[in-house]
Every structure is written in structure tokens, then in C-alpha cells.
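Note sheet for the following structure.
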Amino acid sequence: MEKEIGSLNKKVEEFLHIFKKGEEFTQELLRENEKLRYRVAQLEEMTKTSGREGNLIRDSLEERIASLEEENKSLLERYRQVEEENKDFASRYIEVEAENNNLANLYVASYQLHSTLDFNESLKIILEIVMNLIGAEEFSIMMLDERTNELSIVAQEGMGPEIHDPIKIGEGIIGEVVRAGEAYYREGDPTDLKGVDYAHPLVSIPLKIKEHVIGAIVIYKLLIQKTQFSNVDFELFSMLAGHAATALFSSKLYSQSERKLSTIQSFLDLLKEKQ
Amino acid sequence: MPENNFLVVEDSPTMRQLITFALKRIPGSRVVEANDGIDALKKLSTQKFDVILTDINMPIMDGLKLVSMVRNDPVLKAIPIVIITTEGAEEDRKRGLALGANAYIAKPIQTADLLNVVNQILQNKA
């Protein structure tokens with residue numbers, strides 16, 4: 001009996017021990033569960049926070065992209081504007097270059113025209129300008145004789161040795177140009193020539209000092225390589241109309257005054273000798 | 001800046017002045033003018049030139065004779081020559097180039113064309 005009681009006590013103790021262990025294990029499980037719940041809560045909080053931060057970063061990046069796109073658009077617009085301006089400048093540069101070259105031609109022509117007081121040299125310079133700067137092959141310079149009202153050739157290029165009759169003022173194209181004081185340009189292609197007709201020039205420019213016409217430059221044929229008149233040619237015609245007239249008129253006056261001076265000087269010398 | 005020495009051979013003072021005007025736009029350019037072929041040969045014997053620009057129709061010695069003499073001279077033969085003339089026919093151009101000219105420009109000249117030709121020659125020389 002005592003043996004049985006001892007065995008029962010032993011079993012009770014074993015049971016209590018196992019129960020205690022179970023209690024401890026349960027306690028531990030509860031603690032672990034608590035820890036895990038805390039960790040879950042922590043993680044949930046972190047997720048919430050990082051989600052908010054992510055949204056903030058995304059929003060800021062989207063803003064930045066939008067601003068960069070805007071900047072890009074504006075830069076492209078500016079680039080297009082600059083490109084347009086560049087094109088405009090390039091075409092302006094070409095225009096200015098052409099203008100510059102035209103002015104150089106006009107400057108040289110007028111400089112040369114007024115570089116002498118010798119009538120024949122003035123004629124030579126006009127011939128040079130018409131041939132080299134305009135590109136004429138057959139042309140003449142005609143002067144008006146105010147006593148007879150007739151125009152005669154005083155210098156020519158490429159027209160051969162034959163004598164050309166004087167032209168009365170108002171007669172034909174050339175006479176009319178001198179009478180009216182207005183330049184004549186034949187219509188159509190200047191290279192379309194069926195032989196040179198001296199009564200029908202390509203161009204006839206009156207040589208005028210203000211409204212007073214003293215002669216004309218008459219062009220009949222252009223050089224083979226000259227196919228059309230350019231803007232500078234018309235500028236040169238206009239310049240020649242005035243400056244060539246002044247150069248011829250002043251050099252003629254100078255020659256006449258030189259001759260008169262020489263005659264007077266001779267008279268004076270003669271008088272001195274007689275005294 | 002390299003110095004570019006040009007010899008302009010022209011009997012017309014108007015053309016001489018116009019060509020000189022154009023050439024002066026090339027940086028470092030120095031232009032010497034001659035009235036005809038003989039005058040040009042005199043200047044070529046005493047000065048060094050990078051390019052000769054010559055007319056054809058000139059008194060005393062014409063441009064074609066000058067081209068031929070320069071090309072047959074052992075000292076001068078390498079100097080590039082540009083002919084500038086009123087003779088614009090194709091056969092004239094061929095004749096000028098056959099004699100040894102490097103380029104042929106028909107008058108009336110366009111400054112831009114003249115400068116293009118001369119700049120090309122200077123680039124090829126460099």
C-alpha cells in the first residue's frame with residue numbers, strides 16, 4: 001500500500017513537473033506571440049511611413065519631370081527661334097555682302113571717273129567701266145553738239161572702223177533718250193540678238209548734269225558670258241548718267257580753259273615783246 | 001597670320017583697283033599692281049608672290065605671253081595664276097588653262113567668285 005502511494009506521489013510529481021513545464025512553455029509562447037505582434041505592428045507602421053515617403057518622392061519626381069519637359073519645350077522653341085534668326089542673319093549676310101560688293105564697284109567707278117581732268121582719259125575710263133564692270137562688248141559714248149543738235153560718237157568699243165552718221169536730237173531711240181533725258185532699256189532677253197542694229201540699242205543712258213543732257217552711253221551688245229543685267233548694273237547706269245556727264249563736262253571745260261589760258265598767255269608774251 | 005602676296009596685272013586702273021579692293025579682304029594680303037606683262041616680270045624678279053592675277057588683253061606684253069613665260073621659268077613656274085578677262089568664250093578658257101593658268105574668270109567679275117577661287121588656291125598651296 002505504501003508502495004502504491006509512493007508510486008502515485010511520484011506520478012503526481014511527474015505530472016506536476018510536466019504541467020509546470022507546459023505552463024512555462026505556454027508563457028514563453030505568449031511572450032513570443034506578444035513580441036511578434038509588436039514586430040508586426042512595427043512593420044505595418046514602417047510600411048505606412050515608407051508608402052507616404054514613396055508617394056512624396058514620386059510626386060516630387062513627377063513635378064521635376066514636368067518642369068524638365070517644360071524647360072525642354074521652351075529650349076526647343078528657343079532653338080527654333082535661334083535657328084530662324086540664324087537663317088535670317090545668313091541671308092542678311094549674303095545681302096550685305098552683295099551690297100558691299102556693289103558699293104565697291106560703284107566706289108571704284110566714281111573714284112576713277114573723277115580721277116582726271118583729261119577729256120580723253122575720262123572717255124577711256126568710261127569705256128573701261130562699261131566694258132569691265134557692266135560687261136558690254138559693243139558700245140559707244142555719244143556727245144551732243146548744242147549748235148547742230150546732233151549726237152556724234154566720241155569713243156566706242158567693238159563697233160569696228162566704219163563711220164556712224166550723227167543722230168539728230170529726238171531722232172530714233174537714241175535721239176529720243178537725249179531729248180527726253182530718260183534711260184532706255186530694251187525689253188526681253190539682252191542676249192537675243194539677230195546681228196547688231198545700231199539704230200536699236202540694248203541700253204541707252206542719257207549723260208545728264210541735273211536736267212541738262214550732254215550726250216549718251218549706248219550699248220548694242222553684251223559680252224558672251226554676260227546673260228542678263230543685275231541690280232548693280234542698273235546702279236552703275238544711274239551712277240554713270242550723272243558722274244560720267246560731270247567728268248566729261250568738267251574735263252572738256254578744263255581742256256578749253258587750258259587752251260584759252262595758253263592763247264592769252266601767248267598774247268601777253270607778244271604784247272610784252274612789242275613794248 | 002600668314003602673309004599672302006598677290007600680283008595684279010591689269011592695264012585698266014579701274015579693274016586694278018576693283019581686284020585690289022577684293023583681295024584686300026583676305027587676311028594678311030599684300031597687293032602689288034602691274035600695268036602689263038613686262039611690268040609684271042620686273043616685279044616678279046624682285047619680289048615673291050603667292051598668286052598672280054592677270055588680264056589677257058594688255059599692251060606691250062599680253063597675259064597669255066606672261067603665263068607662258070612664268071610657266072617656263074624654273075624659279076617662277078610654281079606660282080598659281082588666275083586669268084581675269086573679258087574673253088569669255090569656252091575656247092579662250094581652254095587656251096588659258098592649257099598654257100598653265102590655274103583658274104579662269106570672265107569679266108565682269110563677281111567679288112565672291114574671285115575670292116572663292118583665290119582662297120581655294122591658297123588652301124591647296126598650304
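Following the order of the C-alpha cells, chains are lettered A, B, ..., residues in each are numbered from 1, and ligands are numbered from 1.
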Hey, list the chain A side of the contact with chain B: 9 Å cut-off, only C-alpha atoms, answer as number ranges by chain. A: 97-98, 101, 104-105, 108-109, 111-112, 125, 128-129, 131-135, 137, 223-226
Keeping only C-alpha atoms, write the selected residues to a file as a short mmCIF file (atom, residue, chain, number, x, y, z; two decimals), in the first residue's frame.
data_model
loop_
_atom_site.label_atom_id
_atom_site.label_comp_id
_atom_site.auth_asym_id
_atom_site.auth_seq_id
_atom_site.Cartn_x
_atom_site.Cartn_y
_atom_site.Cartn_z
CA GLU A 97 27.98 91.07 -98.90
CA ALA A 98 26.30 91.66 -102.26
CA ASN A 101 30.43 94.36 -103.48
CA ALA A 104 32.82 98.67 -104.07
CA ASN A 105 32.02 98.63 -107.81
CA VAL A 108 35.76 102.34 -107.81
CA ALA A 109 33.82 103.56 -110.85
CA TYR A 111 36.66 107.29 -107.96
CA GLN A 112 38.14 106.57 -111.38
CA ILE A 125 37.68 105.38 -118.05
CA GLU A 128 36.64 100.65 -119.13
CA ILE A 129 33.72 100.84 -116.71
CA MET A 131 33.27 97.03 -120.63
CA ASN A 132 34.76 95.61 -117.40
CA LEU A 133 32.12 96.38 -114.80
CA ILE A 134 28.95 96.09 -116.87
CA GLY A 135 30.21 93.56 -119.42
CA GLU A 137 31.11 94.24 -125.94
CA LEU A 223 29.94 90.03 -123.74
CA ILE A 224 29.21 86.36 -124.48
CA GLN A 225 29.33 85.46 -120.76
CA LYS A 226 27.00 88.29 -119.75
#
Excluding stretch 51-68 of chain B and residues on its chain fewer than 6 positions from it, collect all residues at most 7 Å away from it, counting only C-alpha atoms, and give them as a PDB file with C-alpha atoms, in the first residue's frame.
ATOM      1  CA  ASN B   5      51.301  88.314-101.657  1.00  0.00           C
ATOM      2  CA  PHE B   6      49.279  88.965-104.800  1.00  0.00           C
ATOM      3  CA  LEU B   7      50.420  90.407-108.108  1.00  0.00           C
ATOM      4  CA  VAL B   8      47.581  92.015-110.098  1.00  0.00           C
ATOM      5  CA  VAL B   9      48.466  92.501-113.757  1.00  0.00           C
ATOM      6  CA  GLU B  10      45.924  94.776-115.476  1.00  0.00           C
ATOM      7  CA  ASP B  11      46.158  97.706-117.845  1.00  0.00           C
ATOM      8  CA  ASP B  36      51.297  94.834-118.292  1.00  0.00           C
ATOM      9  CA  GLY B  37      53.308  91.628-118.735  1.00  0.00           C
ATOM     10  CA  ILE B  38      56.723  93.316-118.824  1.00  0.00           C
ATOM     11  CA  ILE B  79      53.256  80.341-108.735  1.00  0.00           C
ATOM     12  CA  PRO B  80      49.491  79.841-109.243  1.00  0.00           C
ATOM     13  CA  ILE B  81      47.991  82.074-111.950  1.00  0.00           C
ATOM     14  CA  VAL B  82      44.398  83.298-112.279  1.00  0.00           C
ATOM     15  CA  ILE B  83      43.353  84.791-115.606  1.00  0.00           C
ATOM     16  CA  ILE B  84      40.705  87.539-115.383  1.00  0.00           C
ATOM     17  CA  THR B  85      39.481  88.604-118.793  1.00  0.00           C
ATOM     18  CA  GLY B  96      44.336  79.911-120.979  1.00  0.00           C
ATOM     19  CA  LEU B  99      49.003  77.391-121.120  1.00  0.00           C
ATOM     20  CA  GLY B 100      49.166  76.665-117.406  1.00  0.00           C
ATOM     21  CA  ALA B 101      46.755  79.039-115.690  1.00  0.00           C
TER      22      ALA B 101
END
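The neighbours of stretch 252-264 of chain A here are the residues that come within 12 Å of it, using only C-alpha atoms and leaving out any residue fewer than 6 positions away in the same chain; they are Thr116, Leu117, Asp118, Phe119, Asn120, Glu121, Ser122, Leu123, Met143, Ile214, Ala244, Ala245, Thr246, Leu270 and Leu271 of chain A.
Nearest-residue note for A:Ala155: choosing from A:Lys124, A:Lys272, A:Tyr185, A:Leu236, the minimum distance belongs to A:Lys124, counting only C-alpha atoms.
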